[in-house]
>>> print(open('data05.tsv').read())   # TSV, C-alpha atoms
chain	number	residue	atom	x	y	z
A	3	MET	CA	42.07	104.57	18.85
A	4	ASN	CA	41.19	108.26	18.58
A	5	LYS	CA	39.23	108.11	21.82
A	6	ILE	CA	42.24	107.32	24.04
A	7	LYS	CA	44.88	110.05	24.03
A	8	LYS	CA	46.51	109.74	27.44
A	9	ILE	CA	46.78	106.68	29.71
A	10	GLY	CA	47.67	106.71	33.39
A	11	VAL	CA	49.39	103.66	34.89
A	12	PHE	CA	49.89	102.92	38.57
A	13	THR	CA	50.77	100.19	41.04
A	14	SER	CA	48.84	99.69	44.27
A	15	GLY	CA	48.83	97.46	47.34
A	16	GLY	CA	51.71	95.09	48.02
A	17	ASP	CA	54.64	95.27	45.64
A	18	ALA	CA	55.43	92.28	43.43
A	19	PRO	CA	58.48	91.46	41.27
A	20	GLY	CA	57.56	92.14	37.65
A	21	MET	CA	55.53	95.28	38.26
A	22	ASN	CA	58.25	97.33	36.57
A	23	ALA	CA	58.10	95.10	33.51
A	24	ALA	CA	54.36	95.73	33.32
A	25	ILE	CA	54.84	99.51	33.64
A	26	ARG	CA	57.45	99.38	30.88
A	27	ALA	CA	55.17	97.39	28.57
A	28	VAL	CA	52.24	99.78	29.09
A	29	ALA	CA	54.38	102.86	28.44
A	30	ARG	CA	56.13	101.48	25.36
A	31	THR	CA	52.98	100.02	23.82
A	32	ALA	CA	51.18	103.34	24.32
A	33	SER	CA	54.10	105.19	22.75
A	34	GLY	CA	54.02	102.85	19.77
A	35	HIS	CA	50.37	103.84	19.22
A	36	LYS	CA	51.13	107.57	19.63
A	37	ILE	CA	49.33	107.66	22.99
A	38	GLU	CA	50.79	109.54	25.95
A	39	CYS	CA	51.43	107.51	29.10
A	40	VAL	CA	51.58	109.10	32.54
A	41	GLY	CA	52.91	107.39	35.66
A	42	ILE	CA	50.93	107.87	38.86
A	43	TYR	CA	53.04	107.67	42.02
A	44	ASN	CA	51.92	105.90	45.21
A	45	GLY	CA	48.82	104.27	43.79
A	46	TYR	CA	45.45	105.76	44.71
A	47	GLU	CA	47.10	108.06	47.26
A	48	GLY	CA	49.13	109.72	44.53
A	49	MET	CA	46.08	109.90	42.28
A	50	MET	CA	44.24	111.91	44.93
A	51	GLU	CA	47.27	114.19	45.36
A	52	GLY	CA	48.00	114.66	41.66
A	53	LYS	CA	51.46	113.05	41.83
A	54	PHE	CA	52.00	112.34	38.15
A	55	GLU	CA	55.10	111.56	36.08
A	56	ASN	CA	54.44	113.04	32.65
A	57	ASN	CA	57.82	111.93	31.30
A	58	LEU	CA	57.33	108.24	32.07
A	59	ARG	CA	58.65	107.17	28.65
A	60	GLN	CA	62.06	108.55	29.67
A	61	LYS	CA	61.97	106.79	33.07
A	62	ILE	CA	61.48	103.19	31.98
A	63	ALA	CA	64.86	102.32	30.50
A	64	ASN	CA	66.70	99.59	32.43
A	65	ILE	CA	63.85	98.74	34.80
A	66	MET	CA	62.89	95.29	33.49
A	67	GLN	CA	65.23	93.48	35.90
A	68	ARG	CA	64.39	95.55	38.97
A	69	GLY	CA	62.10	94.35	41.72
A	70	GLY	CA	59.60	96.58	43.46
A	71	THR	CA	57.97	99.39	41.48
A	72	ILE	CA	59.47	102.64	40.21
A	73	LEU	CA	56.06	104.26	40.70
A	74	LYS	CA	56.02	103.25	44.38
A	75	THR	CA	52.89	101.88	45.98
A	76	ALA	CA	50.56	102.49	48.89
A	77	ARG	CA	47.27	101.41	50.39
A	78	SER	CA	44.63	104.12	50.71
A	79	LYS	CA	41.69	104.27	53.09
A	80	GLU	CA	40.67	107.69	51.80
A	81	PHE	CA	40.15	106.39	48.26
A	82	MET	CA	37.61	103.89	49.54
A	83	GLU	CA	35.38	106.88	50.34
A	84	LYS	CA	33.44	108.57	47.55
A	85	GLU	CA	34.99	111.97	48.34
A	86	GLY	CA	38.47	110.55	47.83
A	87	ARG	CA	37.56	109.03	44.47
A	88	THR	CA	36.02	112.34	43.34
A	89	LYS	CA	39.22	114.14	44.28
A	90	ALA	CA	41.27	111.62	42.28
A	91	TYR	CA	38.99	112.00	39.25
A	92	GLN	CA	39.44	115.78	39.24
A	93	HIS	CA	43.23	115.44	39.22
A	94	LEU	CA	43.04	112.95	36.35
A	95	LYS	CA	40.78	115.18	34.27
A	96	ASN	CA	42.92	118.25	35.01
A	97	ASN	CA	45.87	116.30	33.59
A	98	ASN	CA	43.79	115.13	30.58
A	99	ILE	CA	44.13	111.44	31.52
A	100	ASP	CA	41.25	109.54	29.94
A	101	ALA	CA	42.07	105.88	30.74
A	102	LEU	CA	43.86	103.91	33.47
A	103	VAL	CA	45.87	100.71	33.87
A	104	ALA	CA	45.82	99.47	37.48
A	105	ILE	CA	48.45	96.94	38.55
A	106	GLY	CA	47.75	95.20	41.85
A	107	GLY	CA	45.64	92.68	43.69
A	108	ASN	CA	42.17	92.39	45.17
A	109	GLY	CA	42.20	95.77	46.93
A	110	THR	CA	43.43	97.51	43.80
A	111	TYR	CA	40.66	95.90	41.76
A	112	THR	CA	38.04	96.89	44.33
A	113	GLY	CA	39.12	100.52	44.13
A	114	ALA	CA	39.12	100.38	40.31
A	115	MET	CA	35.65	98.85	40.23
A	116	LYS	CA	34.15	101.52	42.49
A	117	PHE	CA	35.93	104.31	40.62
A	118	GLY	CA	34.68	103.02	37.29
A	119	GLN	CA	31.11	102.80	38.54
A	120	GLU	CA	31.14	106.47	39.53
A	121	HIS	CA	33.20	108.08	36.78
A	122	ASP	CA	33.35	107.81	33.00
A	123	MET	CA	36.85	106.43	32.62
A	124	PRO	CA	37.89	103.02	31.21
A	125	ILE	CA	40.15	101.02	33.52
A	126	ILE	CA	42.08	97.81	32.84
A	127	GLY	CA	43.38	95.75	35.78
A	128	LEU	CA	46.56	93.67	35.72
A	129	PRO	CA	47.08	91.01	38.44
A	130	GLY	CA	50.15	92.18	40.35
A	131	THR	CA	50.44	90.17	43.58
A	132	ILE	CA	52.73	87.42	44.79
A	133	ASP	CA	49.77	85.55	46.34
A	134	ASN	CA	48.44	84.20	43.01
A	135	ASP	CA	44.91	84.46	44.38
A	136	ILE	CA	43.24	86.48	41.61
A	137	TYR	CA	40.44	84.76	39.74
A	138	GLY	CA	40.78	84.65	35.95
A	139	THR	CA	44.50	84.03	35.54
A	140	ASP	CA	46.68	80.96	35.99
A	141	TYR	CA	49.48	83.05	37.48
A	142	THR	CA	49.80	86.57	38.86
A	143	ILE	CA	52.73	88.90	38.32
A	144	GLY	CA	55.34	88.19	41.03
A	145	PHE	CA	54.19	84.72	42.06
A	146	ASP	CA	56.89	82.80	40.20
A	147	THR	CA	59.67	85.00	41.61
A	148	SER	CA	58.28	84.69	45.10
A	149	ILE	CA	58.23	80.88	45.14
A	150	ASN	CA	61.70	80.71	43.62
A	151	THR	CA	62.99	83.03	46.34
A	152	ALA	CA	61.40	80.82	49.00
A	153	ILE	CA	62.79	77.62	47.49
A	154	ASP	CA	66.29	79.09	47.29
A	155	ALA	CA	66.13	79.90	51.03
A	156	ILE	CA	64.74	76.45	51.88
A	157	ASP	CA	67.51	74.70	49.96
A	158	LYS	CA	69.97	76.40	52.32
A	159	ILE	CA	67.91	75.64	55.42
A	160	ARG	CA	67.80	71.99	54.38
A	161	ASP	CA	71.57	71.75	54.84
A	162	THR	CA	71.43	72.71	58.51
A	163	ALA	CA	68.26	70.68	59.08
A	164	ASP	CA	70.07	67.62	57.76
A	165	SER	CA	73.23	68.31	59.75
A	166	HIS	CA	71.36	68.55	63.05
A	167	SER	CA	68.50	66.10	62.32
A	168	ARG	CA	65.92	68.79	63.00
A	169	LEU	CA	62.34	69.51	62.06
A	170	PHE	CA	62.04	72.96	60.46
A	171	PHE	CA	58.78	74.87	60.14
A	172	ILE	CA	59.26	77.48	57.42
A	173	GLU	CA	56.66	80.22	57.18
A	174	VAL	CA	55.84	81.81	53.84
A	175	MET	CA	53.34	84.51	52.92
A	176	GLY	CA	49.68	83.74	52.28
A	177	ARG	CA	47.12	85.13	54.72
A	178	HIS	CA	44.07	83.93	52.81
A	179	ALA	CA	45.40	81.69	50.04
A	180	GLY	CA	47.86	78.81	50.05
A	181	TYR	CA	49.28	79.02	46.53
A	182	ILE	CA	52.74	80.17	47.64
A	183	ALA	CA	52.93	77.54	50.37
A	184	LEU	CA	51.69	74.68	48.19
A	185	HIS	CA	53.98	75.37	45.25
A	186	THR	CA	56.92	76.03	47.56
A	187	ALA	CA	56.30	72.75	49.38
A	188	ILE	CA	56.24	70.76	46.15
A	189	GLY	CA	59.24	72.55	44.68
A	190	SER	CA	61.35	72.14	47.83
A	191	GLY	CA	60.43	68.50	48.47
A	192	ALA	CA	58.87	69.38	51.81
A	193	TYR	CA	57.40	66.71	54.07
A	194	SER	CA	54.14	68.56	54.65
A	195	VAL	CA	52.34	71.88	54.21
A	196	PHE	CA	49.88	73.84	56.36
A	197	LEU	CA	47.41	75.86	54.24
A	198	PRO	CA	44.57	78.32	54.95
A	199	GLU	CA	42.25	76.11	52.86
A	200	THR	CA	42.83	72.84	54.72
A	201	ASP	CA	42.51	71.54	58.29
A	202	THR	CA	45.37	69.69	59.99
A	203	ILE	CA	44.87	67.96	63.35
A	204	ILE	CA	48.24	68.42	64.98
A	205	PRO	CA	48.27	65.44	67.42
A	206	GLU	CA	47.45	63.08	64.54
A	207	TRP	CA	50.06	64.78	62.36
A	208	VAL	CA	52.71	64.39	65.09
A	209	ALA	CA	51.84	60.72	65.64
A	210	LYS	CA	52.33	60.02	61.95
A	211	LEU	CA	55.64	61.86	61.86
A	212	ASN	CA	56.97	60.07	64.96
A	213	LYS	CA	56.44	56.75	63.19
A	214	GLN	CA	58.61	57.74	60.24
A	215	ARG	CA	61.94	57.10	61.89
A	216	ARG	CA	63.69	56.70	58.56
A	217	LYS	CA	63.57	60.46	58.09
A	218	LEU	CA	66.30	62.14	60.12
A	219	PHE	CA	65.03	65.63	59.30
A	220	ASN	CA	61.92	67.22	57.86
A	221	ILE	CA	60.95	70.47	56.16
A	222	VAL	CA	57.39	71.70	56.70
A	223	ILE	CA	55.98	74.74	54.89
A	224	VAL	CA	53.47	76.94	56.71
A	225	ALA	CA	51.26	79.58	55.08
A	226	GLU	CA	51.03	82.50	57.51
A	227	GLY	CA	47.21	82.42	57.45
A	228	ASN	CA	46.60	78.72	58.10
A	229	LYS	CA	44.04	77.73	60.73
A	230	ASN	CA	46.54	76.40	63.29
A	231	GLY	CA	48.37	79.72	63.68
A	232	ASN	CA	51.73	80.91	62.40
A	233	ALA	CA	54.87	78.80	62.25
A	234	ASN	CA	55.84	79.59	65.85
A	235	ASP	CA	52.37	78.65	67.07
A	236	ILE	CA	52.48	75.34	65.22
A	237	ALA	CA	55.99	74.54	66.43
A	238	GLN	CA	54.86	75.04	70.03
A	239	LYS	CA	51.78	72.84	69.53
A	240	VAL	CA	53.94	70.13	67.95
A	241	LYS	CA	56.30	70.14	70.94
A	242	GLU	CA	53.34	69.92	73.31
A	243	SER	CA	51.96	66.97	71.31
A	244	GLY	CA	54.99	64.83	72.05
A	245	PHE	CA	57.28	65.29	69.07
A	246	GLU	CA	60.56	63.57	69.89
A	247	ARG	CA	63.17	65.65	68.03
A	248	ASP	CA	64.51	69.19	67.90
A	249	VAL	CA	62.21	71.79	66.29
A	250	ARG	CA	63.18	75.09	64.68
A	251	VAL	CA	61.26	77.89	62.93
A	252	THR	CA	62.26	80.20	60.06
A	253	VAL	CA	60.06	83.00	58.73
A	254	ILE	CA	61.05	83.99	55.19
A	255	GLY	CA	58.80	87.04	55.26
A	256	HIS	CA	59.30	90.02	52.96
A	257	LEU	CA	62.24	88.47	51.17
A	258	GLN	CA	59.54	86.96	48.95
A	259	ARG	CA	58.41	90.37	47.75
A	260	GLY	CA	61.79	91.59	46.57
A	261	GLY	CA	64.49	90.66	44.12
A	262	SER	CA	64.90	90.56	40.38
A	263	PRO	CA	61.86	88.99	38.69
A	264	THR	CA	62.21	85.64	36.97
A	265	CYS	CA	61.91	85.34	33.19
A	266	HIS	CA	58.40	83.95	33.67
A	267	ASP	CA	57.27	87.04	35.56
A	268	ARG	CA	58.95	89.41	33.09
A	269	VAL	CA	57.23	87.77	30.13
A	270	LEU	CA	53.85	87.56	31.90
A	271	ALA	CA	54.00	91.22	32.98
A	272	SER	CA	55.11	92.37	29.53
A	273	ARG	CA	52.38	90.41	27.81
A	274	LEU	CA	49.66	91.75	30.10
A	275	GLY	CA	50.91	95.34	29.90
A	276	TYR	CA	50.93	95.16	26.12
A	277	GLN	CA	47.41	93.73	26.03
A	278	ALA	CA	46.10	96.33	28.49
A	279	VAL	CA	46.82	99.13	26.02
A	280	ASN	CA	45.37	97.13	23.14
A	281	CYS	CA	42.18	96.57	25.15
A	282	LEU	CA	41.82	100.28	25.87
A	283	ILE	CA	42.29	101.08	22.19
A	284	ALA	CA	39.60	98.51	21.35
A	285	GLY	CA	37.16	100.25	23.69
A	286	ASP	CA	37.35	97.88	26.67
A	287	GLY	CA	37.09	99.08	30.25
A	288	GLY	CA	36.16	97.78	33.68
A	289	ILE	CA	37.95	94.49	33.10
A	290	ALA	CA	40.80	92.52	34.64
A	291	LEU	CA	43.22	90.67	32.38
A	292	GLY	CA	44.88	87.32	32.92
A	293	ILE	CA	46.44	84.41	31.08
A	294	VAL	CA	44.58	81.08	31.24
A	295	ASN	CA	46.00	78.06	29.40
A	296	GLY	CA	48.30	80.37	27.49
A	297	LYS	CA	45.54	82.63	26.19
A	298	LEU	CA	44.38	86.10	27.18
A	299	GLU	CA	41.41	86.07	29.57
A	300	LYS	CA	39.10	89.01	30.31
A	301	ASN	CA	36.85	89.23	33.35
A	302	GLY	CA	34.79	92.01	34.84
A	303	PHE	CA	36.24	93.45	38.04
A	304	GLU	CA	33.37	92.02	40.06
A	305	ASP	CA	34.19	88.46	38.95
A	306	ALA	CA	37.91	88.97	39.48
A	307	ILE	CA	37.27	90.22	43.02
A	308	TYR	CA	34.53	87.94	44.28
A	309	LYS	CA	34.97	84.65	42.46
A	310	THR	CA	37.25	82.17	44.23
A	311	LYS	CA	40.33	80.72	42.62
A	312	GLU	CA	40.43	77.19	43.97
A	313	LEU	CA	43.59	75.26	44.81
A	314	ASP	CA	44.40	72.36	42.51
A	315	THR	CA	43.29	69.27	44.44
A	316	ASP	CA	45.66	67.11	42.39
A	317	LEU	CA	48.58	69.07	43.80
A	318	LEU	CA	47.32	68.51	47.34
A	319	GLU	CA	47.07	64.78	46.75
A	320	MET	CA	50.44	64.72	45.04
A	321	ILE	CA	52.36	66.31	47.91
A	322	ASN	CA	50.88	63.80	50.35
A	323	LEU	CA	52.08	60.89	48.21
A	324	LEU	CA	55.49	62.36	47.43
A	325	SER	CA	56.23	62.87	51.12
A	326	LEU	CA	55.91	59.17	51.94
>>> encode(input="data05.tsv", output="structure tokens")
Amino acid sequence: MNKIKKIGVFTSGGDAPGMNAAIRAVARTASGHKIECVGIYNGYEGMMEGKFENNLRQKIANIMQRGGTILKTARSKEFMEKEGRTKAYQHLKNNNIDALVAIGGNGTYTGAMKFGQEHDMPIIGLPGTIDNDIYGTDYTIGFDTSINTAIDAIDKIRDTADSHSRLFFIEVMGRHAGYIALHTAIGSGAYSVFLPETDTIIPEWVAKLNKQRRKLFNIVIVAEGNKNGNANDIAQKVKESGFERDVRVTVIGHLQRGGSPTCHDRVLASRLGYQAVNCLIAGDGGIALGIVNGKLEKNGFEDAIYKTKELDTDLLEMINLLSL
């Protein structure tokens, strides 16, 4: 405990609902252990520029329910170069920061891993990304809010789809992973889902759908990074394959990143932020935290970055049966 006197906390990469709850938990847990906590603005960019909030404890009241991040966020190409990381380290040492909590996704973890390999500073990573694609945790901060936002929008779209007997392709985020699309499809009762991890032969898909006359309308969820293209691309291919009814496309987009976090995300973020400080006090560093089967999980950054978090095949089978 005597080794850690001042912790820096920052958010990096894409914003995710619940990041503020994590910041709050880190700052308050540190304060409870008589450790200073400094906020670093704009992720690694702010670290290289020395943009620090030394009065973070006074800034965290009434932020639990807010989306986004009060510390702002950015992606940094300069930090991926050794010179940029050296510059950041000098600013941290000049401000007497001797440990870090990094909240973000794969890119954030990659930067933390490289920084930790070059400089003597313990870093704990917290999985802050709506994509839910980080190895070593059942859920990432922001994922639950994001799928609830998508489902709320789809429930409204369903009304007009039903009224006009239309087929709606609804695009959600997920360039490399289909967790948002799969969970949204199940939760919204969608007919089908297009994922980055699976192949769908569109002519065969259209032939099957044309046979199901009993369905006057259909909702189809599309992950933006699936192999057949985006929702507009798929809609065009479906029309060209002989689909017999009206087709429409809706892209939910960045709505999924914003909004007040759900209770699940607030609790998850608070739990992880609290444990991050405890881990630093215990002498841990160079690890990413997660919750697996309700229990705290620790993984080295390398595993968290490079190991693949597989989709649940039971869920894939389930959505196919439930759509019949």
>>> closest_residue(input="data05.tsv", among="A:Leu291, A:Ile99, A:Val279, A:Val224", to="Gly34 of chain A", atoms="only C-alpha atoms")
A:Val279
>>> residues_around(input="data05.tsv", residues="Gly287 of chain A", least_positions_apart="6", cutoff="10 Å", atoms="only C-alpha atoms", output="PDB file with C-alpha atoms, keeping the file's coordinate frame")
ATOM      1  CA  ALA A 101      42.070 105.880  30.740  1.00  0.00           C
ATOM      2  CA  LEU A 102      43.860 103.910  33.470  1.00  0.00           C
ATOM      3  CA  VAL A 103      45.870 100.710  33.870  1.00  0.00           C
ATOM      4  CA  GLY A 118      34.680 103.020  37.290  1.00  0.00           C
ATOM      5  CA  ASP A 122      33.350 107.810  33.000  1.00  0.00           C
ATOM      6  CA  MET A 123      36.850 106.430  32.620  1.00  0.00           C
ATOM      7  CA  PRO A 124      37.890 103.020  31.210  1.00  0.00           C
ATOM      8  CA  ILE A 125      40.150 101.020  33.520  1.00  0.00           C
ATOM      9  CA  ILE A 126      42.080  97.810  32.840  1.00  0.00           C
ATOM     10  CA  GLY A 127      43.380  95.750  35.780  1.00  0.00           C
ATOM     11  CA  ALA A 278      46.100  96.330  28.490  1.00  0.00           C
ATOM     12  CA  CYS A 281      42.180  96.570  25.150  1.00  0.00           C
ATOM     13  CA  GLY A 302      34.790  92.010  34.840  1.00  0.00           C
ATOM     14  CA  PHE A 303      36.240  93.450  38.040  1.00  0.00           C
TER      15      PHE A 303
END
>>> residues_near_point(input="data05.tsv", point="(45.0, 79.2, 40.5)", cutoff="7 Å", atoms="only C-alpha atoms", output="list in words")
Asn134, Asp135, Thr139, Asp140, Tyr141, Lys311, Glu312 and Leu313 of chain A
>>> residues_around(input="data05.tsv", residues="Lys158 of chain A", least_positions_apart="6", cutoff="12 Å", atoms="only C-alpha atoms", output="list in words")
Thr151, Ala152, Asp164, Ser165, Phe170, Ile172, Ser190, Ile221 and Thr252 of chain A
>>> residues_around(input="data05.tsv", residues="segment 73-85 of chain A", least_positions_apart="5", cutoff="6 Å", atoms="only C-alpha atoms", output="NGL selection string")
:A and (13-15 or 43-45 or 47)
>>> closest_residue(input="data05.tsv", among="A:Gly144, A:Gly275, A:Gly255, A:Gly261", to="Arg30 of chain A", atoms="all atoms listed in the file")
A:Gly275
>>> residues_around(input="data05.tsv", residues="segment 146-150 of chain A", least_positions_apart="2", cutoff="8 Å", atoms="all atoms listed in the file", output="VMD selection string")
chain A and resid 19 132 141 143 to 144 152 to 154 182 185 to 186 258 to 264 266 to 267
>>> write_last_selection(input="data05.tsv", atoms="C-alpha atoms", output="PDB file, keeping the file's coordinate frame")
ATOM      1  CA  PRO A  19      58.480  91.460  41.270  1.00  0.00           C
ATOM      2  CA  ILE A 132      52.730  87.420  44.790  1.00  0.00           C
ATOM      3  CA  TYR A 141      49.480  83.050  37.480  1.00  0.00           C
ATOM      4  CA  ILE A 143      52.730  88.900  38.320  1.00  0.00           C
ATOM      5  CA  GLY A 144      55.340  88.190  41.030  1.00  0.00           C
ATOM      6  CA  ALA A 152      61.400  80.820  49.000  1.00  0.00           C
ATOM      7  CA  ILE A 153      62.790  77.620  47.490  1.00  0.00           C
ATOM      8  CA  ASP A 154      66.290  79.090  47.290  1.00  0.00           C
ATOM      9  CA  ILE A 182      52.740  80.170  47.640  1.00  0.00           C
ATOM     10  CA  HIS A 185      53.980  75.370  45.250  1.00  0.00           C
ATOM     11  CA  THR A 186      56.920  76.030  47.560  1.00  0.00           C
ATOM     12  CA  GLN A 258      59.540  86.960  48.950  1.00  0.00           C
ATOM     13  CA  ARG A 259      58.410  90.370  47.750  1.00  0.00           C
ATOM     14  CA  GLY A 260      61.790  91.590  46.570  1.00  0.00           C
ATOM     15  CA  GLY A 261      64.490  90.660  44.120  1.00  0.00           C
ATOM     16  CA  SER A 262      64.900  90.560  40.380  1.00  0.00           C
ATOM     17  CA  PRO A 263      61.860  88.990  38.690  1.00  0.00           C
ATOM     18  CA  THR A 264      62.210  85.640  36.970  1.00  0.00           C
ATOM     19  CA  HIS A 266      58.400  83.950  33.670  1.00  0.00           C
ATOM     20  CA  ASP A 267      57.270  87.040  35.560  1.00  0.00           C
TER      21      ASP A 267
END
>>> residues_around(input="data05.tsv", residues="Ile188 of chain A", least_positions_apart="5", cutoff="9 Å", atoms="all atoms listed in the file", output="PDB file with C-alpha atoms, in the frame of the given file")
ATOM      1  CA  ALA A 183      52.930  77.540  50.370  1.00  0.00           C
ATOM      2  CA  TYR A 193      57.400  66.710  54.070  1.00  0.00           C
ATOM      3  CA  LEU A 317      48.580  69.070  43.800  1.00  0.00           C
ATOM      4  CA  MET A 320      50.440  64.720  45.040  1.00  0.00           C
ATOM      5  CA  ILE A 321      52.360  66.310  47.910  1.00  0.00           C
ATOM      6  CA  LEU A 324      55.490  62.360  47.430  1.00  0.00           C
TER       7      LEU A 324
END
>>> axis_aligned_box(input="data05.tsv", around="segment 84-95 of chain A", padding_each_side="5 Å", output="JSON")
{"center_x": 38.3, "center_y": 112.2, "center_z": 41.3, "size_x": 19.8, "size_y": 17.2, "size_z": 24.1}
>>> closest_residue(input="data05.tsv", among="A:Leu197, A:Ala271, A:Ala104, A:Val240", to="Ile289 of chain A", atoms="only C-alpha atoms")
A:Ala104
>>> closest_residue(input="data05.tsv", among="A:Ala163, A:Met175, A:Ile204, A:Ala90", to="Val249 of chain A", atoms="only C-alpha atoms")
A:Ala163
>>> closest_residue(input="data05.tsv", among="A:Leu318, A:Ala23, A:Val40, A:Leu128", to="Ile293 of chain A", atoms="only C-alpha atoms")
A:Leu128
>>> closest_residue(input="data05.tsv", among="A:Asn295, A:Thr310, A:Asn57, A:Thr142", to="Leu274 of chain A", atoms="only C-alpha atoms")
A:Thr142
>>> atom_distance(input="data05.tsv", atom1="atom CA of Cys265 of chain A", atom2="atom CA of Asp305 of chain A")
28.5 Å
>>> atom_distance(input="data05.tsv", atom1="atom CA of Lys95 of chain A", atom2="atom CA of Asn301 of chain A")
26.3 Å
>>> build_atoms(input="data05.tsv", residues="segment 292-303 of chain A", atoms="N, CA and C atoms", output="PDB file, keeping the file's coordinate frame")
ATOM      1  N   GLY A 292      44.078  88.431  32.425  1.00  0.00           N
ATOM      2  CA  GLY A 292      44.880  87.320  32.920  1.00  0.00           C
ATOM      3  C   GLY A 292      45.255  86.420  31.767  1.00  0.00           C
ATOM      4  N   ILE A 293      46.063  85.419  32.063  1.00  0.00           N
ATOM      5  CA  ILE A 293      46.440  84.410  31.080  1.00  0.00           C
ATOM      6  C   ILE A 293      45.971  83.061  31.616  1.00  0.00           C
ATOM      7  N   VAL A 294      45.090  82.394  30.871  1.00  0.00           N
ATOM      8  CA  VAL A 294      44.580  81.080  31.240  1.00  0.00           C
ATOM      9  C   VAL A 294      44.877  80.107  30.103  1.00  0.00           C
ATOM     10  N   ASN A 295      45.606  79.041  30.417  1.00  0.00           N
ATOM     11  CA  ASN A 295      46.000  78.060  29.400  1.00  0.00           C
ATOM     12  C   ASN A 295      46.691  78.720  28.213  1.00  0.00           C
ATOM     13  N   GLY A 296      47.498  79.720  28.517  1.00  0.00           N
ATOM     14  CA  GLY A 296      48.300  80.370  27.490  1.00  0.00           C
ATOM     15  C   GLY A 296      47.584  81.442  26.697  1.00  0.00           C
ATOM     16  N   LYS A 297      46.309  81.670  26.963  1.00  0.00           N
ATOM     17  CA  LYS A 297      45.540  82.630  26.190  1.00  0.00           C
ATOM     18  C   LYS A 297      45.023  83.769  27.072  1.00  0.00           C
ATOM     19  N   LEU A 298      44.862  84.936  26.452  1.00  0.00           N
ATOM     20  CA  LEU A 298      44.380  86.100  27.180  1.00  0.00           C
ATOM     21  C   LEU A 298      42.961  85.868  27.674  1.00  0.00           C
ATOM     22  N   GLU A 299      42.722  86.217  28.935  1.00  0.00           N
ATOM     23  CA  GLU A 299      41.410  86.070  29.570  1.00  0.00           C
ATOM     24  C   GLU A 299      40.952  87.442  30.064  1.00  0.00           C
ATOM     25  N   LYS A 300      39.672  87.755  29.828  1.00  0.00           N
ATOM     26  CA  LYS A 300      39.100  89.010  30.310  1.00  0.00           C
ATOM     27  C   LYS A 300      37.946  88.705  31.254  1.00  0.00           C
ATOM     28  N   ASN A 301      37.947  89.368  32.396  1.00  0.00           N
ATOM     29  CA  ASN A 301      36.850  89.230  33.350  1.00  0.00           C
ATOM     30  C   ASN A 301      36.472  90.600  33.888  1.00  0.00           C
ATOM     31  N   GLY A 302      35.192  90.793  34.164  1.00  0.00           N
ATOM     32  CA  GLY A 302      34.790  92.010  34.840  1.00  0.00           C
ATOM     33  C   GLY A 302      35.421  92.089  36.217  1.00  0.00           C
ATOM     34  N   PHE A 303      35.620  93.301  36.725  1.00  0.00           N
ATOM     35  CA  PHE A 303      36.240  93.450  38.040  1.00  0.00           C
ATOM     36  C   PHE A 303      35.487  92.692  39.118  1.00  0.00           C
TER      37      PHE A 303
END
